[in-house]
$ cat input.cif   # mmCIF, C-alpha atoms
data_start
loop_
_atom_site.label_atom_id
_atom_site.label_comp_id
_atom_site.auth_asym_id
_atom_site.auth_seq_id
_atom_site.Cartn_x
_atom_site.Cartn_y
_atom_site.Cartn_z
CA LEU J 1 7.10 3.39 -21.74
CA ALA J 2 10.36 1.54 -22.42
CA LEU J 3 11.65 2.52 -18.97
CA VAL J 4 8.49 1.29 -17.23
CA VAL J 5 8.56 -2.01 -19.13
CA GLY J 6 12.24 -2.44 -18.33
CA LEU J 7 11.78 -1.75 -14.62
CA THR J 8 8.80 -4.12 -14.53
CA ALA J 9 10.94 -6.87 -16.05
CA VAL J 10 13.50 -6.67 -13.22
CA GLN J 11 11.03 -6.06 -10.38
CA PHE J 12 11.95 -8.72 -7.84
CA TYR J 13 8.52 -9.53 -6.44
CA TYR J 14 6.79 -9.38 -9.82
CA LEU J 15 9.33 -11.73 -11.38
CA HIS J 16 9.17 -14.34 -8.65
CA TYR J 17 5.41 -14.25 -8.11
CA LEU J 18 4.91 -14.74 -11.86
CA ARG J 19 7.04 -17.86 -11.90
CA ALA J 20 5.48 -19.33 -8.75
CA GLY J 21 2.22 -20.47 -10.37
CA LEU J 22 -0.02 -18.45 -8.04
CA LEU J 23 -3.46 -17.13 -9.00
CA GLU J 24 -2.83 -13.41 -8.36
CA PRO J 25 -0.89 -12.97 -11.66
CA SER J 26 -3.84 -14.51 -13.50
CA VAL J 27 -6.23 -12.04 -11.86
CA ASN J 28 -3.87 -9.20 -12.75
CA THR J 29 -3.71 -10.33 -16.37
CA TRP J 30 -7.47 -10.15 -16.86
CA VAL J 31 -7.84 -6.86 -14.95
CA ILE J 32 -5.10 -5.38 -17.15
CA ALA J 33 -7.04 -6.64 -20.18
CA ALA J 34 -10.24 -4.99 -18.92
CA VAL J 35 -8.52 -1.62 -18.46
CA ALA J 36 -6.75 -1.93 -21.83
CA CYS J 37 -10.07 -2.67 -23.57
CA ALA J 38 -11.65 0.43 -21.99
CA VAL J 39 -8.76 2.62 -23.17
CA ALA J 40 -8.78 1.09 -26.68
CA ALA J 41 -12.53 1.72 -27.01
CA GLU J 42 -11.76 5.34 -27.93
CA ARG J 43 -10.30 4.05 -31.21
CA ASP J 44 -12.74 1.22 -31.78
CA ALA J 45 -15.93 0.76 -29.73
CA ARG J 46 -15.81 -3.00 -30.23
CA TRP J 47 -13.01 -3.22 -27.66
CA LEU J 48 -15.60 -2.32 -25.03
CA PHE J 49 -17.04 -5.83 -25.27
CA GLY J 50 -13.83 -7.12 -23.71
CA VAL J 51 -14.32 -5.27 -20.40
CA PRO J 52 -17.08 -7.47 -18.88
CA ILE J 53 -15.57 -10.62 -20.39
CA ALA J 54 -12.12 -9.87 -18.95
CA TRP J 55 -13.47 -9.12 -15.46
CA THR J 56 -15.55 -12.31 -15.52
CA LEU J 57 -12.44 -14.31 -16.38
CA ALA J 58 -10.59 -12.56 -13.54
CA PHE J 59 -13.31 -13.60 -11.09
CA LEU J 60 -13.29 -17.16 -12.41
CA SER J 61 -9.51 -17.19 -11.91
CA LYS J 62 -9.87 -16.17 -8.28
CA GLN J 63 -12.82 -14.80 -6.35
CA SER J 64 -10.73 -11.96 -4.90
CA ALA J 65 -11.25 -10.23 -8.26
CA VAL J 66 -14.61 -9.13 -6.84
CA ALA J 67 -12.62 -6.25 -5.31
CA PHE J 68 -12.16 -4.87 -8.84
CA LEU J 69 -15.81 -5.01 -9.87
CA PRO J 70 -16.12 -1.20 -9.31
CA LEU J 71 -13.10 -0.75 -11.57
CA ALA J 72 -14.78 -2.83 -14.30
CA VAL J 73 -17.96 -0.75 -14.01
CA LEU J 74 -15.95 2.49 -14.19
CA ALA J 75 -13.93 1.16 -17.13
CA LEU J 76 -17.14 0.27 -18.94
CA ALA J 77 -18.61 3.73 -18.31
CA LEU J 78 -15.49 5.66 -19.29
CA GLY J 79 -14.95 3.45 -22.32
CA ALA J 80 -18.53 4.09 -23.46
CA VAL J 81 -18.00 7.86 -23.12
CA ALA J 82 -14.70 7.64 -25.01
CA ALA J 83 -16.28 5.59 -27.81
CA GLY J 84 -18.84 8.33 -28.42
CA PRO J 85 -20.83 7.98 -31.65
CA GLN J 86 -19.05 4.70 -32.46
CA LEU J 87 -21.22 3.06 -29.79
CA ASN J 88 -24.37 2.99 -31.89
CA ARG J 89 -27.64 1.35 -30.95
CA SER J 90 -26.74 -2.13 -32.19
CA ARG J 91 -23.42 -2.08 -30.32
CA ARG J 92 -25.10 -0.83 -27.15
CA LEU J 93 -27.55 -3.73 -27.34
CA GLY J 94 -24.71 -6.15 -28.01
CA LEU J 95 -22.76 -4.80 -25.04
CA ALA J 96 -25.81 -5.11 -22.80
CA ALA J 97 -26.23 -8.71 -23.97
CA VAL J 98 -22.59 -9.54 -23.14
CA VAL J 99 -22.95 -8.01 -19.66
CA ALA J 100 -26.19 -9.93 -19.12
CA VAL J 101 -24.66 -13.25 -20.21
CA CYS J 102 -21.62 -12.75 -17.95
CA ALA J 103 -23.82 -11.78 -14.99
CA ALA J 104 -26.25 -14.65 -15.56
CA GLY J 105 -23.41 -17.16 -15.90
CA LEU J 106 -21.80 -16.05 -12.64
CA PHE J 107 -25.17 -15.99 -10.88
CA LEU J 108 -25.96 -19.56 -11.92
CA LEU J 109 -22.46 -20.67 -10.94
CA VAL J 110 -22.59 -19.07 -7.50
CA ARG J 111 -26.11 -20.42 -6.98
CA SER J 112 -24.90 -24.02 -7.26
CA ASP J 113 -24.57 -25.62 -3.83
CA ALA J 114 -20.94 -26.70 -4.23
CA TYR J 115 -19.72 -23.35 -5.53
CA ALA J 116 -21.80 -21.38 -3.02
CA GLN J 117 -20.18 -23.37 -0.23
CA THR J 118 -16.73 -22.63 -1.65
CA VAL J 119 -17.51 -18.92 -1.97
CA ALA J 120 -18.81 -18.77 1.61
CA TRP J 121 -15.76 -20.58 2.95
CA ASN J 122 -13.30 -18.39 1.03
CA TYR J 123 -14.75 -15.13 2.27
CA GLN J 124 -15.06 -16.46 5.80
CA HIS J 125 -11.41 -17.48 5.64
CA MET J 126 -10.27 -14.11 4.31
CA PHE J 127 -12.23 -12.08 6.84
CA HIS J 128 -11.81 -14.30 9.89
CA GLY J 129 -8.18 -15.17 9.25
CA ARG J 130 -6.14 -18.21 10.13
CA GLY J 131 -7.33 -20.22 13.07
CA THR J 132 -10.42 -18.11 13.84
CA PHE J 133 -12.97 -19.69 11.52
CA SER J 134 -16.15 -20.23 13.48
CA GLY J 135 -18.82 -20.71 10.84
CA ALA J 136 -20.43 -17.42 11.83
CA GLU J 137 -20.74 -14.53 9.45
CA PRO J 138 -17.93 -11.99 9.93
CA SER J 139 -19.50 -8.86 11.41
CA ILE J 140 -19.01 -5.51 9.71
CA SER J 141 -17.78 -3.97 12.96
CA GLY J 142 -15.26 -6.78 13.44
CA VAL J 143 -13.92 -6.48 9.89
CA ALA J 144 -13.74 -2.68 10.22
CA SER J 145 -11.90 -2.91 13.54
CA ARG J 146 -9.31 -5.35 12.22
CA THR J 147 -8.91 -3.31 9.03
CA LEU J 148 -8.19 -0.18 11.05
CA GLY J 149 -5.68 -2.10 13.11
CA ARG J 150 -3.81 -3.16 9.97
CA VAL J 151 -3.91 0.36 8.52
CA LEU J 152 -2.33 1.71 11.72
CA ASP J 153 0.28 -1.06 11.82
CA TRP J 154 3.54 0.03 10.18
CA THR J 155 4.55 -3.62 9.66
CA HIS J 156 1.71 -4.16 7.18
CA TRP J 157 2.66 -1.04 5.23
CA LYS J 158 6.31 -2.05 5.17
CA GLN J 159 5.82 -5.70 4.19
CA GLY J 160 2.68 -5.32 2.10
CA VAL J 161 3.43 -2.10 0.20
CA LEU J 162 6.84 -0.48 0.72
CA MET J 163 8.95 -3.60 0.18
CA VAL J 164 6.91 -4.56 -2.88
CA ILE J 165 7.12 -1.22 -4.74
CA PRO J 166 9.95 0.78 -3.08
CA VAL J 167 10.96 2.68 -6.24
CA CYS J 168 7.45 3.25 -7.62
CA LEU J 169 5.72 4.20 -4.37
CA PRO J 170 6.67 7.92 -4.20
CA PHE J 171 5.43 8.40 -7.77
CA VAL J 172 2.22 6.51 -7.00
CA VAL J 173 1.51 8.67 -3.94
CA VAL J 174 2.12 11.88 -5.87
CA HIS J 175 0.02 10.70 -8.80
CA VAL J 176 -2.96 9.79 -6.61
CA ALA J 177 -2.66 12.98 -4.54
CA ARG J 178 -2.23 15.32 -7.52
CA ASN J 179 -5.12 13.89 -9.50
CA GLY J 180 -7.25 13.56 -6.38
CA VAL J 181 -6.90 17.30 -5.81
CA ARG J 182 -7.82 17.94 -9.43
CA LEU J 183 -10.99 15.88 -9.00
CA LEU J 184 -11.93 17.80 -5.86
CA ARG J 185 -11.46 21.03 -7.76
CA ARG J 186 -13.54 19.61 -10.65
CA GLN J 187 -10.61 19.89 -13.00
CA PRO J 188 -10.19 17.37 -15.84
CA VAL J 189 -8.31 14.14 -15.19
CA SER J 190 -7.38 11.74 -17.98
CA ARG J 191 -9.39 8.53 -18.23
CA LEU J 192 -6.27 6.42 -17.84
CA SER J 193 -5.23 8.27 -14.67
CA LEU J 194 -8.71 7.89 -13.21
CA LEU J 195 -8.71 4.17 -13.94
CA THR J 196 -5.20 3.78 -12.55
CA MET J 197 -6.02 5.62 -9.32
CA THR J 198 -9.19 3.60 -8.81
CA TRP J 199 -7.33 0.37 -9.54
CA PHE J 200 -4.58 1.07 -7.03
CA LEU J 201 -6.90 2.32 -4.27
CA LEU J 202 -9.24 -0.66 -4.65
CA GLY J 203 -6.25 -3.01 -4.45
CA LEU J 204 -4.98 -1.21 -1.37
CA ALA J 205 -8.42 -1.36 0.27
CA ALA J 206 -8.74 -5.08 -0.51
CA LEU J 207 -5.24 -5.76 0.79
CA PHE J 208 -5.92 -4.16 4.18
CA THR J 209 -9.51 -5.39 4.54
CA VAL J 210 -8.59 -9.08 4.56
CA GLU J 211 -6.49 -10.86 7.15
CA HIS J 212 -3.59 -11.55 4.77
CA ALA J 213 -2.30 -8.04 4.04
CA ARG J 214 1.11 -9.06 2.77
CA GLY J 215 2.99 -11.68 0.79
CA ARG J 216 1.59 -12.80 -2.53
CA PHE J 217 -1.63 -10.84 -1.96
CA SER J 218 0.38 -7.63 -2.47
CA HIS J 219 0.82 -8.68 -6.09
CA ILE J 220 -2.51 -7.02 -6.96
CA LEU J 221 -0.87 -3.63 -6.33
CA LEU J 222 1.92 -4.08 -8.85
CA PRO J 223 0.25 -3.36 -12.24
CA PRO J 224 -1.53 -0.14 -11.15
CA ALA J 225 1.60 0.97 -9.30
CA PHE J 226 3.75 0.49 -12.41
CA LEU J 227 1.18 2.34 -14.51
CA ALA J 228 0.86 5.24 -12.05
CA PHE J 229 4.65 5.43 -11.89
CA GLY J 230 4.92 5.72 -15.67
CA LEU J 231 2.15 8.32 -15.93
CA GLU J 232 3.60 10.49 -13.18
CA LEU J 233 7.15 10.22 -14.50
CA ASP J 234 5.94 11.27 -17.94
CA PHE J 235 4.03 14.19 -16.42
CA TRP J 236 7.11 15.65 -14.75
CA LEU J 237 9.53 14.93 -17.58
CA GLN J 238 7.31 16.89 -19.96
CA ARG J 239 7.58 19.87 -17.65
CA LEU J 240 11.35 20.05 -17.58
CA ASP J 241 12.38 23.07 -19.63
CA SER J 242 15.57 21.58 -20.95
CA THR J 243 15.79 18.13 -22.45
CA ARG J 244 19.43 18.16 -21.41
CA TRP J 245 18.43 17.58 -17.75
CA LYS J 246 15.77 14.92 -18.34
CA TRP J 247 18.33 12.15 -17.98
CA LEU J 248 18.91 13.02 -14.29
CA PRO J 249 15.60 11.74 -12.84
CA VAL J 250 15.70 8.76 -15.18
CA ALA J 251 19.23 7.93 -14.04
CA GLY J 252 18.15 8.27 -10.41
CA ILE J 253 15.24 5.86 -10.92
CA VAL J 254 17.44 3.33 -12.69
CA ALA J 255 20.04 3.60 -9.91
CA ALA J 256 17.38 3.10 -7.22
CA THR J 257 16.11 0.02 -9.05
CA LEU J 258 19.62 -1.39 -9.36
CA LEU J 259 20.18 -0.86 -5.64
CA THR J 260 16.98 -2.70 -4.68
CA HIS J 261 15.39 -5.15 -7.09
CA VAL J 262 18.44 -5.99 -9.19
CA ARG J 263 20.54 -6.43 -6.05
CA TRP J 264 17.94 -8.82 -4.58
CA SER J 265 17.76 -10.77 -7.84
CA SER J 266 21.55 -10.96 -8.12
CA GLU J 267 21.79 -12.35 -4.60
CA TRP J 268 19.23 -14.98 -5.55
CA LEU J 269 21.10 -15.84 -8.78
CA LEU J 270 24.61 -15.81 -7.31
CA GLY J 271 23.77 -17.64 -4.09
CA PRO J 272 21.20 -20.28 -5.04
CA GLN J 273 19.92 -22.68 -2.41
CA TYR J 274 18.61 -26.16 -3.16
CA ALA J 275 16.97 -27.11 0.13
CA LEU J 276 13.62 -27.88 -1.48
CA ARG J 277 15.15 -30.01 -4.23
CA ASP J 278 17.33 -31.90 -1.77
CA ALA J 279 14.43 -32.50 0.62
CA ASN J 280 12.30 -33.93 -2.19
CA ARG J 281 15.11 -36.25 -3.24
CA GLU J 282 15.59 -37.55 0.30
CA ILE J 283 11.88 -38.20 0.82
CA ALA J 284 11.39 -39.71 -2.65
CA ALA J 285 14.13 -42.23 -1.87
CA VAL J 286 12.19 -43.47 1.16
CA LEU J 287 8.56 -43.52 0.00
CA GLU J 288 7.01 -46.21 -2.19
CA PRO J 289 4.12 -45.93 -4.70
CA ASP J 290 1.72 -47.63 -2.26
CA ASP J 291 2.52 -45.16 0.54
CA ALA J 292 0.44 -42.16 1.58
CA VAL J 293 2.14 -39.25 3.35
CA LEU J 294 0.25 -36.65 5.32
CA GLY J 295 1.31 -33.24 6.66
CA MET J 296 1.09 -29.49 6.27
CA ARG J 297 4.28 -29.31 4.18
CA ALA J 298 3.88 -32.73 2.56
CA PRO J 299 2.72 -31.33 -0.82
CA LEU J 300 5.83 -29.14 -0.91
CA LEU J 301 8.50 -31.47 0.42
CA ALA J 302 7.21 -34.79 -0.98
CA PHE J 303 6.04 -33.53 -4.38
CA ASP J 304 8.59 -35.61 -6.31
CA SER J 305 7.82 -38.84 -4.44
CA PRO J 306 5.65 -41.62 -5.91
CA ALA J 307 3.41 -41.68 -2.82
CA ASP J 308 -0.05 -40.18 -2.40
CA ILE J 309 0.16 -36.81 -0.64
CA PHE J 310 -2.42 -35.24 1.66
CA TYR J 311 -2.49 -31.68 3.02
CA VAL J 312 -3.43 -30.98 6.64
CA LYS J 313 -4.14 -27.51 7.95
CA HIS J 314 -7.02 -25.53 9.45
CA HIS J 315 -10.15 -26.36 7.39
CA PHE J 316 -8.22 -28.91 5.25
CA ASN J 317 -8.45 -32.53 6.48
CA ASP J 318 -8.63 -31.08 9.98
CA SER J 319 -10.74 -33.72 11.75
CA ALA J 320 -9.94 -37.22 12.95
CA ASP J 321 -12.73 -38.62 10.77
CA ARG J 322 -11.36 -37.08 7.59
CA ILE J 323 -7.79 -38.09 8.36
CA ALA J 324 -8.85 -41.67 9.07
CA ARG J 325 -10.27 -41.93 5.54
CA LEU J 326 -6.92 -41.13 3.93
CA GLY J 327 -5.08 -44.25 5.02
CA ALA J 328 -1.80 -42.46 5.73
CA THR J 329 1.26 -44.68 6.07
CA HIS J 330 3.70 -41.81 6.76
CA LEU J 331 3.57 -38.44 8.50
CA LEU J 332 5.74 -35.45 7.61
CA LEU J 333 5.71 -33.12 10.60
CA SER J 334 7.51 -30.31 12.38
CA ASN J 335 6.98 -29.31 16.00
CA ARG J 336 5.30 -25.96 15.27
CA GLU J 337 2.43 -26.62 12.93
CA THR J 338 -1.29 -27.35 12.97
CA ALA J 339 -0.97 -30.88 11.63
CA THR J 340 1.29 -31.97 14.49
CA ARG J 341 -1.06 -30.64 17.17
CA LEU J 342 -4.09 -32.18 15.46
CA LEU J 343 -2.50 -35.61 15.08
CA LYS J 344 -1.17 -35.66 18.64
CA ARG J 345 -4.68 -34.91 19.87
CA SER J 346 -6.51 -37.37 17.59
CA PHE J 347 -4.01 -40.23 17.13
CA PRO J 348 -1.59 -40.14 20.10
CA GLU J 349 -0.91 -43.90 20.11
CA ALA J 350 -0.12 -43.98 16.39
CA LEU J 351 2.47 -41.22 16.83
CA GLU J 352 4.07 -42.97 19.80
CA ASP J 353 4.44 -46.20 17.82
CA ALA J 354 5.75 -44.48 14.66
CA SER J 355 9.39 -44.93 13.66
CA ARG J 356 11.47 -42.10 12.25
CA SER J 357 12.54 -42.64 8.64
CA LEU J 358 14.56 -39.46 8.27
CA THR J 359 15.01 -35.91 9.56
CA LEU J 360 15.55 -32.90 7.33
CA ARG J 361 15.70 -29.14 7.68
CA TYR J 362 13.84 -26.66 5.50
CA ARG J 363 13.49 -22.87 5.93
CA GLY J 364 14.67 -22.91 9.53
CA ARG J 365 12.51 -25.82 10.68
CA ASN J 366 13.25 -29.46 11.38
CA TYR J 367 10.90 -31.96 9.74
CA ARG J 368 10.50 -35.63 10.63
CA LEU J 369 9.25 -38.27 8.22
CA LEU J 370 7.57 -40.88 10.42
CA GLU J 371 6.57 -44.36 9.27
CA LEU J 372 3.44 -45.63 10.99
CA GLY J 373 3.12 -49.17 12.26
CA LYS J 374 -0.16 -49.46 10.34
CA PRO J 375 -2.16 -46.99 8.21
CA LEU J 376 -4.29 -44.51 10.09
CA ARG J 377 -7.90 -45.68 10.11
#

$ encode --input "input.cif" --output "structure tokens"
Amino acid sequence: LALVVGLTAVQFYYLHYLRAGLLEPSVNTWVIAAVACAVAAERDARWLFGVPIAWTLAFLSKQSAVAFLPLAVLALALGAVAAGPQLNRSRRLGLAAVVAVCAAGLFLLVRSDAYAQTVAWNYQHMFHGRGTFSGAEPSISGVASRTLGRVLDWTHWKQGVLMVIPVCLPFVVVHVARNGVRLLRRQPVSRLSLLTMTWFLLGLAALFTVEHARGRFSHILLPPAFLAFGLELDFWLQRLDSTRWKWLPVAGIVAATLLTHVRWSSEWLLGPQYALRDANREIAAVLEPDDAVLGMRAPLLAFDSPADIFYVKHHFNDSADRIARLGATHLLLSNRETATRLLKRSFPEALEDASRSLTLRYRGRNYRLLELGKPLR
């Protein structure tokens, strides 16, 4: 356990995604809580009440947690079996009441017009992908075809899975395969292993089903991968005849971690870059409190400025009518982005009359801060 916790603490992607303020770590936290409650129910049945509550909080954190609804149901069932006689009639009724309240609350929330519209847009966006949103329902055949294409694409496996868990992955594969064979042979599998396998496979299925099968979305694989790694490592260490040789695989794992995650982190620590900080300082020195800046990277590069900031991308302020309501006084644009193409098409004269306030470079792209002759209306 100490080794797994230690390796988790230095895992490059886990560390940086946690500090980035994204929603995937929040989803992971509540899914971890749901699994932990199911496991703890063997000691005290009252922990079982936490399973539906934790999953509900995961869904309220981000709707992608719907992918782990089968895991929550399985956790609830296995936890109830583990609790045994502790789960008496009054506790069963209480548990049913908690499930009913959670389900009713989510149903009423999703039924509201505003939230239903958000849900519909989110799932359209995830299944259609960037730039292909049409308002039509994504067909099952289309989703299946694109999913198969991603599964057969080595790039998605490399960027979405292998680079995220390079040290853990062999142990995860062996753990899933070994316990999968045991299930097929109707041999016993521990509850924790069954939950871990289901967790990882559901995350993998969700990752490859949607259009964004890499980047921060891979974060959902990390907790079950770490857990499967620890369970499988423990399984094989217990089967070594001599304790004298148990240090060898542990040393190999530590060395592999040092050569990957610690090396990446050391490069980040020893060679820091301040492009984002410097860009914000340059832009903040130009903009005034009464200004309004608009662009795809404006929230990132102008965050420290006193001006109002508006995001422009597909489905976000992506029409001339919406943009005209914002009263933008400045534009922050690069040549290769949606906002630039949209503004050139909708407000060509305003762009021609705009004067350049400054030029800066960020992550390989040149950005221009343009001051408009008059606010866009």

$ closest_residue --input "input.cif" --among "J:Leu231, J:Leu184, J:Val73, J:Leu300" --to "Met197 of chain J" --atoms "only C-alpha atoms"
J:Leu231

$ closest_residue --input "input.cif" --among "J:Ile32, J:Ile53, J:Ala80, J:Leu370" --to "Val99 of chain J" --atoms "all atoms listed in the file"
J:Ile53

$ atom_distance --input "input.cif" --atom1 "atom CA of Val189 of chain J" --atom2 "atom CA of Ala83 of chain J"
17.2 Å

$ residues_near_point --input "input.cif" --point "(-10.5, -32.6, 7.7)" --cutoff "12 Å" --atoms "only C-alpha atoms" --output "count of residues only"
24

$ resolve_selection --input "input.cif" --expression "the PyMOL selection byres ((chain J and resi 87-98) around 10)" --output "PyMOL selection string"
chain J and resi 41-42+44-46+48-53+76+79-86+99-104

$ write_last_selection --input "input.cif" --atoms "C-alpha atoms" --output "PDB file, in the frame of the given file"
ATOM      1  CA  ALA J  41     -12.530   1.720 -27.010  1.00  0.00           C
ATOM      2  CA  GLU J  42     -11.760   5.340 -27.930  1.00  0.00           C
ATOM      3  CA  ASP J  44     -12.740   1.220 -31.780  1.00  0.00           C
ATOM      4  CA  ALA J  45     -15.930   0.760 -29.730  1.00  0.00           C
ATOM      5  CA  ARG J  46     -15.810  -3.000 -30.230  1.00  0.00           C
ATOM      6  CA  LEU J  48     -15.600  -2.320 -25.030  1.00  0.00           C
ATOM      7  CA  PHE J  49     -17.040  -5.830 -25.270  1.00  0.00           C
ATOM      8  CA  GLY J  50     -13.830  -7.120 -23.710  1.00  0.00           C
ATOM      9  CA  VAL J  51     -14.320  -5.270 -20.400  1.00  0.00           C
ATOM     10  CA  PRO J  52     -17.080  -7.470 -18.880  1.00  0.00           C
ATOM     11  CA  ILE J  53     -15.570 -10.620 -20.390  1.00  0.00           C
ATOM     12  CA  LEU J  76     -17.140   0.270 -18.940  1.00  0.00           C
ATOM     13  CA  GLY J  79     -14.950   3.450 -22.320  1.00  0.00           C
ATOM     14  CA  ALA J  80     -18.530   4.090 -23.460  1.00  0.00           C
ATOM     15  CA  VAL J  81     -18.000   7.860 -23.120  1.00  0.00           C
ATOM     16  CA  ALA J  82     -14.700   7.640 -25.010  1.00  0.00           C
ATOM     17  CA  ALA J  83     -16.280   5.590 -27.810  1.00  0.00           C
ATOM     18  CA  GLY J  84     -18.840   8.330 -28.420  1.00  0.00           C
ATOM     19  CA  PRO J  85     -20.830   7.980 -31.650  1.00  0.00           C
ATOM     20  CA  GLN J  86     -19.050   4.700 -32.460  1.00  0.00           C
ATOM     21  CA  VAL J  99     -22.950  -8.010 -19.660  1.00  0.00           C
ATOM     22  CA  ALA J 100     -26.190  -9.930 -19.120  1.00  0.00           C
ATOM     23  CA  VAL J 101     -24.660 -13.250 -20.210  1.00  0.00           C
ATOM     24  CA  CYS J 102     -21.620 -12.750 -17.950  1.00  0.00           C
ATOM     25  CA  ALA J 103     -23.820 -11.780 -14.990  1.00  0.00           C
ATOM     26  CA  ALA J 104     -26.250 -14.650 -15.560  1.00  0.00           C
TER      27      ALA J 104
END

$ closest_residue --input "input.cif" --among "J:Ala65, J:Val167, J:Ala206, J:Ile309" --to "Ser26 of chain J" --atoms "all atoms listed in the file"
J:Ala65

$ atom_distance --input "input.cif" --atom1 "atom CA of Pro188 of chain J" --atom2 "atom CA of Phe226 of chain J"
22.2 Å

$ atom_distance --input "input.cif" --atom1 "atom CA of Arg368 of chain J" --atom2 "atom CA of Leu332 of chain J"
5.6 Å

$ closest_atom_pairs --input "input.cif" --of "segment 23-87 of chain J" --to "segment 222-225 of chain J" --cutoff "12 Å" --atoms "all atoms listed in the file" --output "Markdown table"
| residue | atom | partner | partner_atom | distance |
| --- | --- | --- | --- | --- |
| J:Glu24 | CA | J:Leu222 | CA | 10.5 |
| J:Pro25 | CA | J:Pro223 | CA | 9.7 |
| J:Ser26 | CA | J:Pro223 | CA | 11.9 |
| J:Val27 | CA | J:Pro223 | CA | 10.8 |
| J:Asn28 | CA | J:Pro223 | CA | 7.2 |
| J:Thr29 | CA | J:Pro223 | CA | 9.0 |
| J:Trp30 | CA | J:Pro223 | CA | 11.3 |
| J:Val31 | CA | J:Pro223 | CA | 9.2 |
| J:Ile32 | CA | J:Pro223 | CA | 7.5 |
| J:Ala33 | CA | J:Pro223 | CA | 11.3 |
| J:Val35 | CA | J:Pro224 | CA | 10.2 |
| J:Ala36 | CA | J:Pro223 | CA | 12.0 |
| J:Phe68 | CA | J:Pro224 | CA | 11.9 |
| J:Leu71 | CA | J:Pro224 | CA | 11.6 |

$ resolve_selection --input "input.cif" --expression "the PyMOL selection byres ((chain J and resi 349-351) around 12)" --output "MDAnalysis selection string"
chainID J and resid 324 328:333 340:348 352:356 368:377

$ resolve_selection --input "input.cif" --expression "the PyMOL selection byres ((chain J and resi 275) around 12)" --output "JSON list (two decimals) with C-alpha atoms, in the frame of the given file"
[["chain", "number", "residue", "atom", "x", "y", "z"],
["J", 272, "PRO", "CA", 21.20, -20.28, -5.04],
["J", 273, "GLN", "CA", 19.92, -22.68, -2.41],
["J", 274, "TYR", "CA", 18.61, -26.16, -3.16],
["J", 276, "LEU", "CA", 13.62, -27.88, -1.48],
["J", 277, "ARG", "CA", 15.15, -30.01, -4.23],
["J", 278, "ASP", "CA", 17.33, -31.90, -1.77],
["J", 279, "ALA", "CA", 14.43, -32.50, 0.62],
["J", 280, "ASN", "CA", 12.30, -33.93, -2.19],
["J", 281, "ARG", "CA", 15.11, -36.25, -3.24],
["J", 282, "GLU", "CA", 15.59, -37.55, 0.30],
["J", 300, "LEU", "CA", 5.83, -29.14, -0.91],
["J", 301, "LEU", "CA", 8.50, -31.47, 0.42],
["J", 360, "LEU", "CA", 15.55, -32.90, 7.33],
["J", 361, "ARG", "CA", 15.70, -29.14, 7.68],
["J", 362, "TYR", "CA", 13.84, -26.66, 5.50],
["J", 363, "ARG", "CA", 13.49, -22.87, 5.93],
["J", 364, "GLY", "CA", 14.67, -22.91, 9.53],
["J", 365, "ARG", "CA", 12.51, -25.82, 10.68]]

$ closest_residue --input "input.cif" --among "J:Leu169, J:Leu74, J:Val210, J:Ala292" --to "Arg146 of chain J" --atoms "all atoms listed in the file"
J:Val210

$ residues_around --input "input.cif" --residues "Ala307 of chain J" --least-positions-apart "4" --cutoff "9 Å" --atoms "all atoms listed in the file" --output "list of chain:residue names"
J:Ala284, J:Leu287, J:Glu288, J:Pro289, J:Asp290, J:Asp291, J:Ala292, J:Val293, J:Ala302, J:Phe303

$ residues_around --input "input.cif" --residues "Ala205 of chain J" --least-positions-apart "4" --cutoff "10 Å" --atoms "all atoms listed in the file" --output "VMD selection string"
chain J and resid 67 147 151 200 to 201 209 to 210 213

$ residues_around --input "input.cif" --residues "Ser193 of chain J" --least-positions-apart "3" --cutoff "9 Å" --atoms "only C-alpha atoms" --output "list in words"
His175, Val176, Asn179, Val189, Ser190, Thr196, Met197, Thr198, Leu227, Ala228 and Leu231 of chain J

$ decode --input "input.cif" --residues "segment 18-25 of chain J" --atoms "N, CA and C atoms" --output "CSV table (one decimal), in the first residue's frame"
chain,number,residue,atom,x,y,z
J,18,LEU,N,-4.4,17.2,-11.1
J,18,LEU,CA,-5.0,17.6,-9.8
J,18,LEU,C,-4.9,19.1,-9.6
J,19,ARG,N,-3.8,19.7,-9.9
J,19,ARG,CA,-3.5,21.1,-9.6
J,19,ARG,C,-4.1,22.0,-10.7
J,20,ALA,N,-4.7,21.4,-11.7
J,20,ALA,CA,-5.2,22.3,-12.9
J,20,ALA,C,-6.6,22.8,-12.7
J,21,GLY,N,-7.3,22.3,-11.6
J,21,GLY,CA,-8.7,22.8,-11.4
J,21,GLY,C,-9.7,22.2,-12.3
J,22,LEU,N,-9.4,21.0,-12.9
J,22,LEU,CA,-10.4,20.4,-13.9
J,22,LEU,C,-11.4,19.6,-13.1
J,23,LEU,N,-12.5,19.1,-13.8
J,23,LEU,CA,-13.5,18.4,-13.1
J,23,LEU,C,-13.3,16.9,-13.0
J,24,GLU,N,-12.4,16.4,-13.8
J,24,GLU,CA,-12.2,14.9,-13.7
J,24,GLU,C,-11.7,14.5,-12.4
J,25,PRO,N,-10.8,15.2,-11.7
J,25,PRO,CA,-10.4,14.8,-10.3
J,25,PRO,C,-11.5,14.8,-9.4
